[in-house]
$ cat upload_17.cif   # mmCIF, N, CA and C atoms, pLDDT in the B column; chains and numbers go by the auth columns
data_entry
loop_
_atom_site.group_PDB
_atom_site.id
_atom_site.type_symbol
_atom_site.label_atom_id
_atom_site.label_comp_id
_atom_site.label_asym_id
_atom_site.label_seq_id
_atom_site.Cartn_x
_atom_site.Cartn_y
_atom_site.Cartn_z
_atom_site.B_iso_or_equiv
_atom_site.auth_seq_id
_atom_site.auth_asym_id
ATOM 1 N N MET A 1 -87.192 -76.835 -28.340 67.00 1 A
ATOM 2 C CA MET A 1 -88.442 -76.669 -29.027 67.00 1 A
ATOM 3 C C MET A 1 -88.580 -75.227 -29.511 67.00 1 A
ATOM 4 N N ARG A 2 -88.120 -74.306 -28.736 73.00 2 A
ATOM 5 C CA ARG A 2 -88.225 -72.893 -29.107 73.00 2 A
ATOM 6 C C ARG A 2 -87.524 -72.625 -30.430 73.00 2 A
ATOM 7 N N LYS A 3 -86.376 -73.253 -30.620 81.00 3 A
ATOM 8 C CA LYS A 3 -85.605 -73.064 -31.852 81.00 3 A
ATOM 9 C C LYS A 3 -86.381 -73.602 -33.063 81.00 3 A
ATOM 10 N N ILE A 4 -87.042 -74.732 -32.890 77.00 4 A
ATOM 11 C CA ILE A 4 -87.850 -75.303 -33.978 77.00 4 A
ATOM 12 C C ILE A 4 -88.948 -74.327 -34.369 77.00 4 A
ATOM 13 N N LEU A 5 -89.632 -73.794 -33.373 77.00 5 A
ATOM 14 C CA LEU A 5 -90.714 -72.848 -33.655 77.00 5 A
ATOM 15 C C LEU A 5 -90.168 -71.594 -34.327 77.00 5 A
ATOM 16 N N ASP A 6 -89.058 -71.081 -33.828 83.00 6 A
ATOM 17 C CA ASP A 6 -88.477 -69.850 -34.379 83.00 6 A
ATOM 18 C C ASP A 6 -88.043 -70.016 -35.827 83.00 6 A
ATOM 19 N N THR A 7 -87.488 -71.164 -36.161 85.00 7 A
ATOM 20 C CA THR A 7 -86.914 -71.338 -37.494 85.00 7 A
ATOM 21 C C THR A 7 -87.875 -71.928 -38.519 85.00 7 A
ATOM 22 N N THR A 8 -88.990 -72.476 -38.086 84.00 8 A
ATOM 23 C CA THR A 8 -89.904 -73.090 -39.060 84.00 8 A
ATOM 24 C C THR A 8 -91.298 -72.491 -39.050 84.00 8 A
ATOM 25 N N ILE A 9 -91.883 -72.334 -37.898 83.00 9 A
ATOM 26 C CA ILE A 9 -93.273 -71.875 -37.819 83.00 9 A
ATOM 27 C C ILE A 9 -93.339 -70.359 -37.986 83.00 9 A
ATOM 28 N N TYR A 10 -92.575 -69.643 -37.196 84.00 10 A
ATOM 29 C CA TYR A 10 -92.649 -68.179 -37.210 84.00 10 A
ATOM 30 C C TYR A 10 -92.133 -67.574 -38.510 84.00 10 A
ATOM 31 N N THR A 11 -91.327 -68.342 -39.248 87.00 11 A
ATOM 32 C CA THR A 11 -90.824 -67.859 -40.530 87.00 11 A
ATOM 33 C C THR A 11 -91.734 -68.250 -41.692 87.00 11 A
ATOM 34 N N GLY A 12 -92.787 -69.022 -41.399 86.00 12 A
ATOM 35 C CA GLY A 12 -93.739 -69.417 -42.429 86.00 12 A
ATOM 36 C C GLY A 12 -93.337 -70.632 -43.233 86.00 12 A
ATOM 37 N N LYS A 13 -92.281 -71.310 -42.835 87.00 13 A
ATOM 38 C CA LYS A 13 -91.845 -72.502 -43.562 87.00 13 A
ATOM 39 C C LYS A 13 -92.799 -73.669 -43.358 87.00 13 A
ATOM 40 N N LEU A 14 -93.444 -73.705 -42.203 88.00 14 A
ATOM 41 C CA LEU A 14 -94.467 -74.712 -41.909 88.00 14 A
ATOM 42 C C LEU A 14 -95.714 -73.986 -41.402 88.00 14 A
ATOM 43 N N PRO A 15 -96.894 -74.586 -41.607 87.00 15 A
ATOM 44 C CA PRO A 15 -98.146 -73.947 -41.168 87.00 15 A
ATOM 45 C C PRO A 15 -98.198 -73.741 -39.650 87.00 15 A
ATOM 46 N N LYS A 16 -98.949 -72.728 -39.226 86.00 16 A
ATOM 47 C CA LYS A 16 -99.086 -72.436 -37.793 86.00 16 A
ATOM 48 C C LYS A 16 -99.685 -73.607 -37.026 86.00 16 A
ATOM 49 N N GLU A 17 -100.553 -74.396 -37.685 87.00 17 A
ATOM 50 C CA GLU A 17 -101.136 -75.560 -37.012 87.00 17 A
ATOM 51 C C GLU A 17 -100.046 -76.513 -36.536 87.00 17 A
ATOM 52 N N CYS A 18 -98.943 -76.573 -37.268 88.00 18 A
ATOM 53 C CA CYS A 18 -97.832 -77.432 -36.866 88.00 18 A
ATOM 54 C C CYS A 18 -97.244 -76.959 -35.541 88.00 18 A
ATOM 55 N N GLY A 19 -97.150 -75.657 -35.371 88.00 19 A
ATOM 56 C CA GLY A 19 -96.627 -75.115 -34.121 88.00 19 A
ATOM 57 C C GLY A 19 -97.498 -75.480 -32.945 88.00 19 A
ATOM 58 N N ARG A 20 -98.823 -75.359 -33.137 88.00 20 A
ATOM 59 C CA ARG A 20 -99.742 -75.722 -32.049 88.00 20 A
ATOM 60 C C ARG A 20 -99.642 -77.210 -31.725 88.00 20 A
ATOM 61 N N GLY A 21 -99.531 -78.032 -32.758 90.00 21 A
ATOM 62 C CA GLY A 21 -99.413 -79.470 -32.542 90.00 21 A
ATOM 63 C C GLY A 21 -98.120 -79.858 -31.855 90.00 21 A
ATOM 64 N N ILE A 22 -97.026 -79.229 -32.269 89.00 22 A
ATOM 65 C CA ILE A 22 -95.728 -79.500 -31.632 89.00 22 A
ATOM 66 C C ILE A 22 -95.781 -79.100 -30.164 89.00 22 A
ATOM 67 N N HIS A 23 -96.403 -77.966 -29.897 88.00 23 A
ATOM 68 C CA HIS A 23 -96.543 -77.514 -28.513 88.00 23 A
ATOM 69 C C HIS A 23 -97.358 -78.520 -27.694 88.00 23 A
ATOM 70 N N MET A 24 -98.447 -79.028 -28.271 89.00 24 A
ATOM 71 C CA MET A 24 -99.285 -80.014 -27.576 89.00 24 A
ATOM 72 C C MET A 24 -98.504 -81.296 -27.303 89.00 24 A
ATOM 73 N N LEU A 25 -97.739 -81.754 -28.271 89.00 25 A
ATOM 74 C CA LEU A 25 -96.916 -82.948 -28.060 89.00 25 A
ATOM 75 C C LEU A 25 -95.910 -82.725 -26.938 89.00 25 A
ATOM 76 N N ALA A 26 -95.328 -81.549 -26.875 89.00 26 A
ATOM 77 C CA ALA A 26 -94.368 -81.249 -25.811 89.00 26 A
ATOM 78 C C ALA A 26 -95.047 -81.254 -24.449 89.00 26 A
ATOM 79 N N LEU A 27 -96.259 -80.717 -24.372 90.00 27 A
ATOM 80 C CA LEU A 27 -96.993 -80.727 -23.100 90.00 27 A
ATOM 81 C C LEU A 27 -97.308 -82.149 -22.652 90.00 27 A
ATOM 82 N N ILE A 28 -97.718 -82.982 -23.580 89.00 28 A
ATOM 83 C CA ILE A 28 -98.023 -84.382 -23.247 89.00 28 A
ATOM 84 C C ILE A 28 -96.764 -85.096 -22.769 89.00 28 A
ATOM 85 N N ARG A 29 -95.665 -84.893 -23.490 88.00 29 A
ATOM 86 C CA ARG A 29 -94.413 -85.539 -23.088 88.00 29 A
ATOM 87 C C ARG A 29 -93.990 -85.088 -21.702 88.00 29 A
ATOM 88 N N GLU A 30 -94.091 -83.790 -21.455 90.00 30 A
ATOM 89 C CA GLU A 30 -93.712 -83.254 -20.148 90.00 30 A
ATOM 90 C C GLU A 30 -94.593 -83.829 -19.040 90.00 30 A
ATOM 91 N N ALA A 31 -95.887 -83.883 -19.283 89.00 31 A
ATOM 92 C CA ALA A 31 -96.804 -84.421 -18.276 89.00 31 A
ATOM 93 C C ALA A 31 -96.510 -85.897 -18.009 89.00 31 A
ATOM 94 N N SER A 32 -96.241 -86.651 -19.071 87.00 32 A
ATOM 95 C CA SER A 32 -95.967 -88.080 -18.875 87.00 32 A
ATOM 96 C C SER A 32 -94.636 -88.312 -18.166 87.00 32 A
ATOM 97 N N ASP A 33 -93.696 -87.390 -18.335 86.00 33 A
ATOM 98 C CA ASP A 33 -92.399 -87.528 -17.668 86.00 33 A
ATOM 99 C C ASP A 33 -92.451 -87.137 -16.192 86.00 33 A
ATOM 100 N N TYR A 34 -93.214 -86.095 -15.874 87.00 34 A
ATOM 101 C CA TYR A 34 -93.104 -85.504 -14.539 87.00 34 A
ATOM 102 C C TYR A 34 -94.313 -85.695 -13.630 87.00 34 A
ATOM 103 N N ASP A 35 -95.478 -85.992 -14.190 83.00 35 A
ATOM 104 C CA ASP A 35 -96.642 -86.240 -13.339 83.00 35 A
ATOM 105 C C ASP A 35 -96.540 -87.628 -12.728 83.00 35 A
ATOM 106 N N ASP A 36 -97.093 -87.790 -11.530 84.00 36 A
ATOM 107 C CA ASP A 36 -97.071 -89.088 -10.871 84.00 36 A
ATOM 108 C C ASP A 36 -97.903 -90.118 -11.626 84.00 36 A
ATOM 109 N N PHE A 37 -98.998 -89.658 -12.208 84.00 37 A
ATOM 110 C CA PHE A 37 -99.894 -90.569 -12.910 84.00 37 A
ATOM 111 C C PHE A 37 -100.445 -89.839 -14.120 84.00 37 A
ATOM 112 N N PHE A 38 -100.209 -90.375 -15.311 84.00 38 A
ATOM 113 C CA PHE A 38 -100.664 -89.710 -16.532 84.00 38 A
ATOM 114 C C PHE A 38 -101.231 -90.747 -17.484 84.00 38 A
ATOM 115 N N VAL A 39 -102.449 -90.516 -17.942 87.00 39 A
ATOM 116 C CA VAL A 39 -103.109 -91.441 -18.861 87.00 39 A
ATOM 117 C C VAL A 39 -103.519 -90.679 -20.110 87.00 39 A
ATOM 118 N N VAL A 40 -103.229 -91.243 -21.250 85.00 40 A
ATOM 119 C CA VAL A 40 -103.648 -90.664 -22.524 85.00 40 A
ATOM 120 C C VAL A 40 -104.722 -91.577 -23.095 85.00 40 A
ATOM 121 N N SER A 41 -105.843 -90.985 -23.476 90.00 41 A
ATOM 122 C CA SER A 41 -106.920 -91.790 -24.044 90.00 41 A
ATOM 123 C C SER A 41 -106.528 -92.277 -25.437 90.00 41 A
ATOM 124 N N GLN A 42 -107.171 -93.324 -25.880 94.00 42 A
ATOM 125 C CA GLN A 42 -106.913 -93.848 -27.214 94.00 42 A
ATOM 126 C C GLN A 42 -107.256 -92.795 -28.262 94.00 42 A
ATOM 127 N N GLU A 43 -108.337 -92.054 -28.036 95.00 43 A
ATOM 128 C CA GLU A 43 -108.747 -91.014 -28.976 95.00 43 A
ATOM 129 C C GLU A 43 -107.674 -89.930 -29.097 95.00 43 A
ATOM 130 N N GLU A 44 -107.151 -89.496 -27.949 91.00 44 A
ATOM 131 C CA GLU A 44 -106.109 -88.468 -27.967 91.00 44 A
ATOM 132 C C GLU A 44 -104.844 -88.990 -28.636 91.00 44 A
ATOM 133 N N CYS A 45 -104.517 -90.230 -28.373 91.00 45 A
ATOM 134 C CA CYS A 45 -103.341 -90.839 -28.982 91.00 45 A
ATOM 135 C C CYS A 45 -103.500 -90.893 -30.503 91.00 45 A
ATOM 136 N N GLU A 46 -104.667 -91.306 -30.975 95.00 46 A
ATOM 137 C CA GLU A 46 -104.926 -91.365 -32.407 95.00 46 A
ATOM 138 C C GLU A 46 -104.873 -89.980 -33.034 95.00 46 A
ATOM 139 N N GLU A 47 -105.369 -88.978 -32.321 93.00 47 A
ATOM 140 C CA GLU A 47 -105.322 -87.602 -32.807 93.00 47 A
ATOM 141 C C GLU A 47 -103.871 -87.140 -32.977 93.00 47 A
ATOM 142 N N GLN A 48 -103.030 -87.458 -32.014 93.00 48 A
ATOM 143 C CA GLN A 48 -101.626 -87.063 -32.091 93.00 48 A
ATOM 144 C C GLN A 48 -100.906 -87.796 -33.217 93.00 48 A
ATOM 145 N N ILE A 49 -101.263 -89.059 -33.439 95.00 49 A
ATOM 146 C CA ILE A 49 -100.671 -89.818 -34.546 95.00 49 A
ATOM 147 C C ILE A 49 -101.044 -89.165 -35.875 95.00 49 A
ATOM 148 N N ARG A 50 -102.314 -88.780 -36.031 95.00 50 A
ATOM 149 C CA ARG A 50 -102.741 -88.098 -37.263 95.00 50 A
ATOM 150 C C ARG A 50 -101.970 -86.792 -37.448 95.00 50 A
ATOM 151 N N PHE A 51 -101.779 -86.058 -36.348 93.00 51 A
ATOM 152 C CA PHE A 51 -101.029 -84.810 -36.434 93.00 51 A
ATOM 153 C C PHE A 51 -99.600 -85.066 -36.910 93.00 51 A
ATOM 154 N N VAL A 52 -98.929 -86.042 -36.320 94.00 52 A
ATOM 155 C CA VAL A 52 -97.536 -86.313 -36.673 94.00 52 A
ATOM 156 C C VAL A 52 -97.432 -86.762 -38.133 94.00 52 A
ATOM 157 N N GLU A 53 -98.393 -87.545 -38.594 95.00 53 A
ATOM 158 C CA GLU A 53 -98.393 -87.946 -40.005 95.00 53 A
ATOM 159 C C GLU A 53 -98.505 -86.714 -40.912 95.00 53 A
ATOM 160 N N LYS A 54 -99.380 -85.775 -40.556 93.00 54 A
ATOM 161 C CA LYS A 54 -99.521 -84.541 -41.331 93.00 54 A
ATOM 162 C C LYS A 54 -98.256 -83.695 -41.229 93.00 54 A
ATOM 163 N N LEU A 55 -97.667 -83.628 -40.047 92.00 55 A
ATOM 164 C CA LEU A 55 -96.432 -82.875 -39.855 92.00 55 A
ATOM 165 C C LEU A 55 -95.333 -83.418 -40.762 92.00 55 A
ATOM 166 N N PHE A 56 -95.191 -84.739 -40.827 92.00 56 A
ATOM 167 C CA PHE A 56 -94.182 -85.339 -41.704 92.00 56 A
ATOM 168 C C PHE A 56 -94.428 -84.956 -43.154 92.00 56 A
ATOM 169 N N LYS A 57 -95.700 -84.957 -43.572 93.00 57 A
ATOM 170 C CA LYS A 57 -96.029 -84.567 -44.945 93.00 57 A
ATOM 171 C C LYS A 57 -95.662 -83.111 -45.195 93.00 57 A
ATOM 172 N N ASP A 58 -95.960 -82.234 -44.231 91.00 58 A
ATOM 173 C CA ASP A 58 -95.626 -80.818 -44.381 91.00 58 A
ATOM 174 C C ASP A 58 -94.112 -80.608 -44.443 91.00 58 A
ATOM 175 N N ILE A 59 -93.378 -81.338 -43.622 90.00 59 A
ATOM 176 C CA ILE A 59 -91.916 -81.228 -43.633 90.00 59 A
ATOM 177 C C ILE A 59 -91.371 -81.722 -44.965 90.00 59 A
ATOM 178 N N LYS A 60 -91.889 -82.844 -45.440 91.00 60 A
ATOM 179 C CA LYS A 60 -91.441 -83.392 -46.722 91.00 60 A
ATOM 180 C C LYS A 60 -91.733 -82.407 -47.848 91.00 60 A
ATOM 181 N N LYS A 61 -92.919 -81.823 -47.843 90.00 61 A
ATOM 182 C CA LYS A 61 -93.296 -80.844 -48.864 90.00 61 A
ATOM 183 C C LYS A 61 -92.326 -79.659 -48.845 90.00 61 A
ATOM 184 N N TYR A 62 -92.018 -79.166 -47.661 88.00 62 A
ATOM 185 C CA TYR A 62 -91.073 -78.055 -47.537 88.00 62 A
ATOM 186 C C TYR A 62 -89.696 -78.447 -48.061 88.00 62 A
ATOM 187 N N MET A 63 -89.239 -79.626 -47.688 89.00 63 A
ATOM 188 C CA MET A 63 -87.910 -80.072 -48.104 89.00 63 A
ATOM 189 C C MET A 63 -87.832 -80.224 -49.624 89.00 63 A
ATOM 190 N N VAL A 64 -88.886 -80.744 -50.240 90.00 64 A
ATOM 191 C CA VAL A 64 -88.901 -80.905 -51.695 90.00 64 A
ATOM 192 C C VAL A 64 -88.847 -79.550 -52.371 90.00 64 A
ATOM 193 N N THR A 65 -89.580 -78.561 -51.856 87.00 65 A
ATOM 194 C CA THR A 65 -89.547 -77.237 -52.475 87.00 65 A
ATOM 195 C C THR A 65 -88.174 -76.605 -52.326 87.00 65 A
ATOM 196 N N GLN A 66 -87.494 -76.868 -51.222 84.00 66 A
ATOM 197 C CA GLN A 66 -86.141 -76.333 -51.029 84.00 66 A
ATOM 198 C C GLN A 66 -85.147 -77.025 -51.948 84.00 66 A
ATOM 199 N N TRP A 67 -85.338 -78.319 -52.144 82.00 67 A
ATOM 200 C CA TRP A 67 -84.435 -79.098 -52.993 82.00 67 A
ATOM 201 C C TRP A 67 -84.544 -78.632 -54.447 82.00 67 A
ATOM 202 N N ASP A 68 -85.786 -78.340 -54.872 76.00 68 A
ATOM 203 C CA ASP A 68 -86.021 -77.920 -56.252 76.00 68 A
ATOM 204 C C ASP A 68 -85.580 -76.480 -56.508 76.00 68 A
ATOM 205 N N SER A 69 -85.376 -75.705 -55.451 64.00 69 A
ATOM 206 C CA SER A 69 -85.018 -74.281 -55.619 64.00 69 A
ATOM 207 C C SER A 69 -83.587 -74.102 -56.043 64.00 69 A
#
$ encode --input "upload_17.cif" --output "structure tokens"
Amino acid sequence: MRKILDTTIYTGKLPKECGRGIHMLALIREASDYDDFFVVSQEECEEQIRFVEKLFKDIKKYMVTQWDS
């Protein structure tokens, strides 16, 4: 995850909000893997889905600008 942040977020290729969202997804994944009992609310799940949809759009936008360059 550190490499993703270093090469995309910190270099300005993707918005900083993406970095915060990626970090949040990593925390959720870690908690669900290692905690004895972990529950994600439907609201939180929907929020993460919206984030990932936006992240995909941001990645696609970046890739298109690189392709056109």
$ axis_aligned_box --input "upload_17.cif" --around "range 2-7 of chain A" --padding-each-side "5 Å" --output "AutoDock Vina command-line options"
--center_x -88.2 --center_y -72.6 --center_z -33.6 --size_x 15.1 --size_y 15.5 --size_z 19.8
$ residues_around --input "upload_17.cif" --residues "range 7-21 of chain A" --least-positions-apart "3" --cutoff "7 Å" --atoms "only N, CA and C atoms" --output "VMD selection string"
chain A and resid 2 to 4 24 to 26 51 55 58 to 59 62
$ atom_distance --input "upload_17.cif" --atom1 "CA of Ser41 in chain A" --atom2 "atom C of Phe56 in chain A"
23.8 Å
$ closest_residue --input "upload_17.cif" --among "A:Asp68, A:Asp36, A:Lys54, A:Lys60" --to "Ile22 in chain A" --atoms "only C-alpha atoms"
A:Lys54
$ atom_distance --input "upload_17.cif" --atom1 "atom N of Glu44 in chain A" --atom2 "atom N of Arg29 in chain A"
13.2 Å
$ select_by_dssp --input "upload_17.cif" --residues "chain A" --states "helix (DSSP H, G or I)" --output "ChimeraX atom specification"
/A:2-9,16-34,42-68
